[in-house]
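Here's query-v3.txt, which has compact mmCIF, C-alpha atoms:
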```txt
# COMPACT_ATOMS: atom_id res chain seq x y z
CA MET A 1 14.31 -21.55 -6.65
CA THR A 2 15.16 -22.44 -3.08
CA ALA A 3 16.49 -25.83 -2.07
CA SER A 4 13.04 -26.88 -0.86
CA GLY A 5 11.49 -26.04 -4.20
CA LEU A 6 8.58 -24.28 -2.48
CA PRO A 7 7.84 -20.89 -4.05
CA PHE A 8 6.80 -19.27 -0.75
CA ASP A 9 10.26 -20.00 0.66
CA ASP A 10 11.68 -17.51 -1.85
CA ILE A 11 9.46 -14.80 -0.36
CA ARG A 12 10.44 -15.71 3.19
CA ASN A 13 14.12 -15.52 2.23
CA LEU A 14 13.66 -12.03 0.78
CA LEU A 15 11.91 -10.91 3.96
CA ALA A 16 14.80 -12.27 6.02
CA ASN A 17 17.27 -10.11 4.10
CA MET A 18 15.51 -6.73 4.07
CA PRO A 19 17.77 -3.71 4.57
CA GLY A 20 17.12 -1.43 7.52
CA PRO A 21 16.99 2.37 7.64
CA ASP A 22 20.05 4.51 6.97
CA MET A 23 20.34 6.21 10.33
CA ALA A 24 23.26 8.38 9.24
CA ALA A 25 21.04 9.97 6.58
CA ALA A 26 18.18 10.36 9.06
CA ASN A 27 20.49 11.99 11.61
CA ALA A 28 21.83 14.37 8.96
CA VAL A 29 18.26 15.51 8.21
CA ARG A 30 17.56 15.95 11.91
CA ALA A 31 20.71 18.05 12.33
CA ARG A 32 19.94 20.26 9.31
CA ASP A 33 16.34 20.71 10.45
CA LYS A 34 17.61 22.39 13.63
CA GLN A 35 19.35 25.04 11.50
CA LEU A 36 16.44 25.90 9.21
CA THR A 37 14.68 29.26 9.42
CA LYS A 38 11.75 28.14 11.58
CA PRO A 39 11.07 27.21 15.19
CA ALA A 40 11.95 23.59 15.98
CA GLY A 41 9.01 21.27 15.30
CA SER A 42 6.92 24.01 13.70
CA LEU A 43 6.37 22.02 10.48
CA GLY A 44 5.05 19.03 12.41
CA ARG A 45 4.79 15.85 10.38
CA LEU A 46 6.52 17.41 7.36
CA GLU A 47 9.71 17.22 9.41
CA GLU A 48 9.07 13.56 10.23
CA ILE A 49 8.42 12.79 6.56
CA ALA A 50 11.73 14.35 5.47
CA GLU A 51 13.56 12.24 8.03
CA TRP A 52 11.67 9.08 6.97
CA LEU A 53 12.47 9.74 3.31
CA ALA A 54 16.17 10.15 4.05
CA ALA A 55 16.29 7.00 6.15
CA TRP A 56 14.83 4.84 3.39
CA GLN A 57 16.35 6.54 0.35
CA GLY A 58 19.71 6.43 2.10
CA LYS A 59 20.58 10.01 1.26
CA ALA A 60 20.40 13.46 2.82
CA PRO A 61 18.84 15.75 1.99
CA PRO A 62 16.12 13.53 0.53
CA ARG A 63 14.79 14.23 -2.95
CA VAL A 64 11.67 13.24 -4.85
CA ASP A 65 12.55 13.54 -8.52
CA ARG A 66 10.94 10.36 -9.91
CA PRO A 67 7.71 9.70 -7.99
CA LEU A 68 5.71 6.81 -9.41
CA VAL A 69 2.09 5.76 -8.93
CA CYS A 70 1.45 2.10 -9.74
CA VAL A 71 -2.09 0.72 -10.01
CA PHE A 72 -2.55 -3.05 -10.25
CA ALA A 73 -5.81 -4.44 -11.60
CA GLY A 74 -7.27 -7.90 -11.10
CA ASN A 75 -10.58 -9.75 -11.27
CA HIS A 76 -12.06 -11.94 -8.56
CA GLY A 77 -14.04 -15.15 -8.76
CA VAL A 78 -15.91 -14.30 -5.58
CA VAL A 79 -17.88 -11.73 -7.58
CA ALA A 80 -20.10 -14.69 -8.49
CA GLN A 81 -21.48 -14.48 -4.95
CA GLY A 82 -23.10 -11.09 -5.62
CA VAL A 83 -20.63 -9.10 -3.53
CA SER A 84 -20.37 -6.06 -5.83
CA ALA A 85 -22.81 -3.48 -7.11
CA TYR A 86 -20.94 -3.38 -10.43
CA PRO A 87 -20.27 -6.14 -13.00
CA GLN A 88 -16.77 -7.50 -13.39
CA SER A 89 -16.48 -5.94 -16.85
CA VAL A 90 -16.04 -2.57 -15.14
CA THR A 91 -12.45 -3.48 -14.17
CA ARG A 92 -11.31 -3.53 -17.81
CA GLN A 93 -13.47 -0.52 -18.68
CA MET A 94 -11.78 1.46 -15.93
CA LEU A 95 -8.35 0.45 -17.21
CA GLU A 96 -9.36 1.86 -20.57
CA ASN A 97 -10.46 5.02 -18.79
CA PHE A 98 -7.03 5.22 -17.11
CA ALA A 99 -5.36 4.86 -20.49
CA ALA A 100 -7.52 7.66 -21.89
CA GLY A 101 -6.69 9.95 -18.97
CA GLY A 102 -10.27 10.14 -17.76
CA ALA A 103 -10.04 8.81 -14.19
CA ALA A 104 -9.61 10.65 -10.92
CA ILE A 105 -6.10 9.28 -10.50
CA ASN A 106 -5.06 10.76 -13.85
CA GLN A 107 -6.00 14.24 -12.67
CA ILE A 108 -4.20 13.88 -9.34
CA CYS A 109 -1.03 12.60 -11.02
CA ALA A 110 -1.13 15.53 -13.44
CA ALA A 111 -1.63 18.02 -10.61
CA TYR A 112 1.39 16.75 -8.67
CA ASP A 113 3.60 15.73 -11.61
CA LEU A 114 3.61 12.04 -10.67
CA GLY A 115 4.53 9.20 -13.00
CA PHE A 116 1.69 6.73 -13.56
CA LYS A 117 1.64 3.07 -14.57
CA VAL A 118 -1.24 0.59 -14.72
CA PHE A 119 -0.83 -3.19 -14.76
CA ASP A 120 -3.40 -5.64 -16.12
CA LEU A 121 -3.14 -8.87 -14.09
CA ALA A 122 -4.88 -11.42 -16.31
CA LEU A 123 -8.26 -9.70 -16.15
CA ASP A 124 -9.77 -12.31 -18.47
CA LEU A 125 -8.84 -15.04 -15.96
CA PRO A 126 -10.43 -14.19 -12.60
CA THR A 127 -9.05 -15.81 -9.48
CA GLY A 128 -10.91 -18.78 -8.03
CA ASP A 129 -14.04 -18.11 -5.99
CA PHE A 130 -12.64 -18.45 -2.48
CA THR A 131 -15.97 -19.65 -1.11
CA ARG A 132 -15.47 -22.83 -3.20
CA GLU A 133 -11.73 -23.12 -3.93
CA ASP A 134 -8.36 -21.44 -3.49
CA ALA A 135 -8.12 -18.07 -5.21
CA LEU A 136 -4.59 -18.94 -6.42
CA ASP A 137 -2.18 -21.84 -6.15
CA GLU A 138 1.18 -21.24 -4.51
CA ARG A 139 3.17 -21.00 -7.72
CA ALA A 140 0.74 -18.56 -9.34
CA CYS A 141 0.65 -16.44 -6.19
CA VAL A 142 4.43 -16.10 -6.08
CA ALA A 143 4.63 -15.48 -9.83
CA THR A 144 2.17 -12.61 -9.37
CA MET A 145 4.20 -11.24 -6.47
CA ALA A 146 7.26 -11.40 -8.73
CA PHE A 147 5.36 -9.48 -11.41
CA GLY A 148 4.66 -6.78 -8.82
CA MET A 149 8.36 -6.64 -7.98
CA GLU A 150 9.19 -6.09 -11.65
CA ALA A 151 6.88 -3.06 -11.78
CA LEU A 152 9.74 -1.00 -10.32
CA ALA A 153 12.19 -1.96 -13.06
CA GLY A 154 12.12 1.52 -14.61
CA GLY A 155 13.27 3.18 -11.40
CA ALA A 156 11.60 5.52 -8.90
CA ASP A 157 12.51 7.37 -5.72
CA LEU A 158 8.99 7.34 -4.23
CA LEU A 159 6.28 4.75 -4.87
CA ALA A 160 2.53 5.22 -4.37
CA LEU A 161 0.52 2.01 -4.65
CA GLY A 162 -3.10 1.51 -5.71
CA GLU A 163 -5.49 -1.05 -7.16
CA MET A 164 -8.53 -1.58 -9.31
CA GLY A 165 -10.69 -4.68 -9.20
CA ILE A 166 -14.40 -5.28 -8.87
CA GLY A 167 -14.86 -7.47 -5.79
CA ASN A 168 -11.49 -6.74 -4.23
CA THR A 169 -12.82 -5.21 -1.02
CA THR A 170 -14.33 -8.64 -0.36
CA SER A 171 -10.92 -10.27 -0.70
CA ALA A 172 -9.45 -7.56 1.53
CA ALA A 173 -12.14 -8.13 4.15
CA ALA A 174 -11.44 -11.87 4.09
CA ILE A 175 -7.72 -11.25 4.55
CA PHE A 176 -8.31 -8.97 7.53
CA ALA A 177 -10.79 -11.40 9.08
CA ALA A 178 -8.32 -14.27 8.62
CA LEU A 179 -5.40 -12.31 10.08
CA TYR A 180 -7.18 -10.53 12.92
CA GLY A 181 -10.32 -12.54 13.73
CA GLY A 182 -13.47 -11.13 15.30
CA ASP A 183 -16.89 -10.55 13.80
CA VAL A 184 -16.69 -10.77 10.01
CA ALA A 185 -19.15 -7.90 9.57
CA ARG A 186 -16.71 -5.41 11.10
CA TRP A 187 -14.30 -5.97 8.19
CA CYS A 188 -16.94 -5.70 5.46
CA GLY A 189 -17.77 -2.27 4.07
CA ARG A 190 -20.07 -1.32 1.22
CA GLY A 191 -17.31 -1.23 -1.39
CA THR A 192 -18.68 0.16 -4.64
CA GLY A 193 -21.99 1.05 -2.99
CA LEU A 194 -23.65 -2.18 -1.89
CA ASP A 195 -27.19 -2.09 -0.55
CA ASP A 196 -28.07 -4.00 2.63
CA ALA A 197 -28.76 -7.24 0.76
CA GLY A 198 -25.46 -7.01 -1.08
CA LEU A 199 -23.59 -6.31 2.14
CA ALA A 200 -25.20 -9.40 3.70
CA ARG A 201 -24.00 -11.48 0.73
CA LYS A 202 -20.51 -10.06 1.17
CA VAL A 203 -20.44 -11.01 4.85
CA ALA A 204 -21.76 -14.48 4.02
CA ALA A 205 -19.09 -14.97 1.35
CA VAL A 206 -16.28 -14.05 3.74
CA GLU A 207 -17.73 -16.33 6.42
CA ALA A 208 -17.92 -19.18 3.93
CA GLY A 209 -14.34 -18.60 2.84
CA LEU A 210 -13.06 -18.55 6.40
CA LYS A 211 -14.85 -21.81 7.11
CA ARG A 212 -13.52 -23.48 3.97
CA HIS A 213 -9.89 -22.46 4.54
CA ALA A 214 -9.84 -22.50 8.35
CA ALA A 215 -7.12 -25.15 8.66
CA HIS A 216 -4.60 -23.08 6.67
CA LEU A 217 -4.90 -19.54 8.00
CA ALA A 218 -1.99 -19.55 10.45
CA ASP A 219 0.39 -18.76 7.56
CA PRO A 220 -0.12 -15.24 6.13
CA LEU A 221 1.07 -16.33 2.68
CA GLU A 222 -1.59 -19.05 2.66
CA VAL A 223 -4.13 -16.36 3.58
CA LEU A 224 -2.95 -14.35 0.59
CA ARG A 225 -3.20 -17.12 -1.95
CA ARG A 226 -6.46 -18.59 -0.70
CA PHE A 227 -8.33 -15.28 -0.71
CA GLY A 228 -6.49 -13.43 -3.50
CA GLY A 229 -6.53 -11.43 -5.58
CA ARG A 230 -3.80 -10.98 -8.11
CA GLU A 231 -3.61 -7.23 -7.54
CA ILE A 232 -3.14 -7.80 -3.80
CA ALA A 233 -0.34 -10.32 -4.43
CA ALA A 234 1.34 -7.95 -6.89
CA ILE A 235 1.18 -5.11 -4.36
CA CYS A 236 2.85 -7.38 -1.78
CA GLY A 237 5.65 -7.91 -4.29
CA ALA A 238 5.95 -4.21 -5.07
CA ILE A 239 6.20 -3.30 -1.38
CA LEU A 240 8.92 -5.90 -0.88
CA ALA A 241 10.85 -4.88 -4.00
CA ALA A 242 10.71 -1.24 -2.92
CA ARG A 243 12.24 -2.20 0.42
CA LEU A 244 15.07 -4.09 -1.26
CA GLN A 245 15.71 -1.11 -3.59
CA ARG A 246 15.40 1.54 -0.85
CA ILE A 247 12.34 3.20 -2.30
CA PRO A 248 9.92 4.72 0.25
CA VAL A 249 6.31 3.63 -0.23
CA ILE A 250 2.96 5.37 0.23
CA LEU A 251 0.07 2.99 0.86
CA ASP A 252 -3.41 3.76 -0.46
CA GLY A 253 -6.60 2.50 1.19
CA TYR A 254 -8.35 -0.67 2.29
CA VAL A 255 -7.22 -3.10 -0.41
CA VAL A 256 -3.61 -1.93 -0.57
CA THR A 257 -3.47 -2.13 3.21
CA ALA A 258 -4.62 -5.75 3.01
CA ALA A 259 -1.50 -6.51 0.98
CA ALA A 260 0.62 -4.61 3.51
CA ALA A 261 -1.01 -6.53 6.36
CA ILE A 262 0.16 -9.83 4.87
CA LEU A 263 3.78 -8.65 4.95
CA HIS A 264 3.35 -7.15 8.42
CA ALA A 265 2.01 -10.48 9.70
CA LEU A 266 5.13 -12.18 8.33
CA ASP A 267 7.49 -9.58 9.83
CA PRO A 268 6.32 -6.42 11.66
CA ALA A 269 9.41 -4.58 10.36
CA ALA A 270 8.44 -5.25 6.73
CA LEU A 271 6.47 -1.98 6.51
CA ASP A 272 8.99 0.36 8.13
CA HIS A 273 9.64 1.96 4.72
CA CYS A 274 5.90 2.56 4.20
CA ILE A 275 3.64 5.43 5.18
CA ALA A 276 -0.16 5.46 5.12
CA GLY A 277 -1.37 7.98 2.57
CA HIS A 278 -4.90 8.36 3.89
CA LEU A 279 -7.65 7.00 6.08
CA SER A 280 -10.20 5.28 3.87
CA ALA A 281 -13.92 5.44 4.56
CA GLU A 282 -14.13 1.74 3.62
CA GLY A 283 -14.58 -0.98 6.21
CA ALA A 284 -12.43 -0.97 9.34
CA HIS A 285 -9.46 0.82 7.77
CA ALA A 286 -8.84 2.90 10.89
CA GLU A 287 -8.49 -0.26 13.00
CA VAL A 288 -6.17 -1.83 10.45
CA LEU A 289 -3.89 1.22 10.45
CA VAL A 290 -3.69 1.10 14.25
CA ARG A 291 -2.69 -2.56 14.06
CA LEU A 292 -0.01 -1.70 11.50
CA GLY A 293 1.21 1.27 13.55
CA LYS A 294 0.54 3.76 10.75
CA GLN A 295 -0.88 7.27 11.19
CA PRO A 296 -2.46 8.40 7.90
CA LEU A 297 -1.36 11.66 6.34
CA LEU A 298 -4.88 12.54 5.11
CA ALA A 299 -8.46 11.82 6.14
CA LEU A 300 -10.78 12.99 3.38
CA ASP A 301 -13.54 10.34 3.59
CA MET A 302 -12.31 8.85 0.31
CA ARG A 303 -12.91 5.22 -0.71
CA LEU A 304 -12.35 5.20 -4.45
CA GLY A 305 -9.10 3.26 -4.59
CA GLU A 306 -7.04 3.73 -7.77
CA ALA A 307 -4.19 5.07 -5.55
CA THR A 308 -6.06 8.38 -5.26
CA GLY A 309 -5.35 8.82 -1.55
CA ALA A 310 -1.73 7.72 -1.91
CA ALA A 311 -1.20 10.07 -4.85
CA LEU A 312 -2.60 13.03 -2.92
CA ALA A 313 -0.27 12.14 -0.07
CA ALA A 314 2.63 12.00 -2.54
CA GLY A 315 2.10 15.71 -3.07
CA LEU A 316 2.69 16.25 0.65
CA VAL A 317 5.76 14.02 0.62
CA LYS A 318 7.19 15.95 -2.34
CA ALA A 319 6.55 19.18 -0.45
CA ALA A 320 8.25 17.84 2.68
CA ALA A 321 11.37 16.96 0.71
CA GLY A 322 11.37 20.30 -1.07
CA VAL A 323 10.90 22.29 2.12
CA HIS A 324 13.73 20.51 3.89
CA SER A 325 16.22 20.74 1.04
CA GLY A 326 15.24 24.20 -0.17
CA MET A 327 14.85 26.20 3.02
CA ALA A 328 17.71 28.44 4.08
CA THR A 329 19.47 27.97 7.37
CA PHE A 330 19.57 30.80 9.89
CA ALA A 331 23.19 31.47 8.89
CA GLN A 332 22.44 31.50 5.16
CA ALA A 333 19.50 33.87 5.56
CA GLY A 334 21.13 36.13 8.13
CA VAL A 335 18.22 35.49 10.49
CA SER A 336 18.84 35.45 14.22
CA GLY A 337 18.34 32.06 15.81
CA LYS A 338 16.51 31.19 19.02
CA ASP A 339 19.57 31.66 21.20
CA ALA A 340 20.67 34.99 19.69
CA ALA A 341 18.90 37.07 22.34
CA ALA A 342 20.92 35.42 25.10
CA THR A 343 24.16 36.76 23.58
CA HIS A 344 23.05 40.41 23.71
```
Represent the structure of the file as structure tokens.
Amino acid sequence: MTASGLPFDDIRNLLANMPGPDMAAANAVRARDKQLTKPAGSLGRLEEIAEWLAAWQGKAPPRVDRPLVCVFAGNHGVVAQGVSAYPQSVTRQMLENFAAGGAAINQICAAYDLGFKVFDLALDLPTGDFTREDALDERACVATMAFGMEALAGGADLLALGEMGIGNTTSAAAIFAALYGGDVARWCGRGTGLDDAGLARKVAAVEAGLKRHAAHLADPLEVLRRFGGREIAAICGAILAARLQRIPVILDGYVVTAAAAILHALDPAALDHCIAGHLSAEGAHAEVLVRLGKQPLLALDMRLGEATGAALAAGLVKAAAGVHSGMATFAQAGVSGKDAAATH
């Protein structure tokens, strides 16, 4: 614990000691890229991804040998306000589906040879209903962040983050509304398929939460604990742990980005090791990504969660690393370079 004894101070201290990019590794990738058998810039963002990987892995050429998809699952007290089209029991049922290999994310991980872990965050103990109380107290919030940090204990060289939790798009919407302001309705999407009445209840719940917690929303960590959920707190911890361990991160959609937005509000540099996997069709995800300075790799109108968009993007990231490290240089292939004609 810190001298103050306040759990959030531990998080602030970690943020203050984040490593930066390895520019020597990034420059080595840039130099090698100029020698590869292709016109400069012809692989577009794949070239940028290889450089980003090297900068955050701290090695050139970059490699993706142990990609890991982590899905964190939590339940939310705000579901009592009728903000979801599905009952809360679906969260655990979906975890059982993950374990049986029957979910969309299972198929994507199999297709791209990605490691897959799922974490049950006290599903039988939903967070507090933020329209009536704090979702979490400070100690529980930090303990959950620490749990998310421990998810990387087995090692990885690329991390894709996802979530599962009935009601969690309502928590995400509340976080965005608290951080960015404006009309609450702009942050509220239909989640699992809400009808108009359900969407109105969702907007009302977020408005009630903002009113209840209004005096405490200047601190992003207070925003996190007051609106929850446990999966969002754990994802915050995983993003931070990945930074400290030099593991590049792929962010999934609306809920994962809410966790990222908390860290970004604390320090805009906190997400430099992260890339946006896709543009979600949920809520105002496009606006959030602009605020975070992230250009998504994919835009497939997906809004499932479960890390599905991040996992698909991991396939691209693996390809970018493989292309950069595996391509021959002009000299190796005996192919004339751009300037060869000038010498004849």
Next on the checklist: My list of candidates is A:Gly209, A:Gly155, A:Gly334, A:Gly229. Which is closest to Arg132 of chain A when distances are computed with all atoms listed in the file?
Outcome noted: A:Gly209
Contacts between segment 199-203 of chain A and segment 76-142 of chain A, please, where a residue of segment 76-142 of chain A counts if it comes within 10 Å (with only C-alpha atoms); show its shortest atom pair and distance in Å to one decimal, rows by chain and ascending number, as CSV.
```
residue,atom,partner,partner_atom,distance
A:Val78,CA,A:Lys202,CA,9.2
A:Val79,CA,A:Lys202,CA,9.3
A:Gln81,CA,A:Arg201,CA,6.9
A:Gly82,CA,A:Arg201,CA,6.4
A:Val83,CA,A:Lys202,CA,4.8
A:Ser84,CA,A:Lys202,CA,8.1
A:Ala85,CA,A:Leu199,CA,9.7
```
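With all atoms listed in the file as the atoms that count, the residue of A:Phe98, A:Phe176, A:Tyr86, A:Trp56 with the shortest distance to Cys70 of chain A is A:Phe98.
Distances from A:Leu240, A:Ala140, A:Leu152, A:Leu158 to Arg12 of chain A were compared using all atoms listed in the file, and the smallest one belongs to A:Leu240.
Of note, atom CA of Gly162 of chain A and atom CA of Ala314 of chain A are spaced 12.4 Å apart.
Proximity ranking of A:Gly44, A:Pro21, A:Gly228, A:Gly237 relative to Asp137 of chain A places A:Gly228 first, based on all atoms listed in the file.
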Item to check | Atomic distance atom CA of Glu282 of chain A - atom CA of Ala173 of chain A, expressed in Å with one decimal | outcome: 10.1 Å
Item to check | Spatial neighbours of Arg92 of chain A, 12 Å, only C-alpha atoms, chain gap at least 6 places, as JSON, numbers by chain | outcome: {"A": [72, 73, 74, 75, 98, 99, 118, 119, 120, 121, 122, 123, 124, 125, 126, 164, 165, 166]}
Item to check | Leu271 of chain A surroundings by all atoms listed in the file, 10 Å radius, close-in-sequence under 2 positions cut, as a count of residues only | outcome: 19
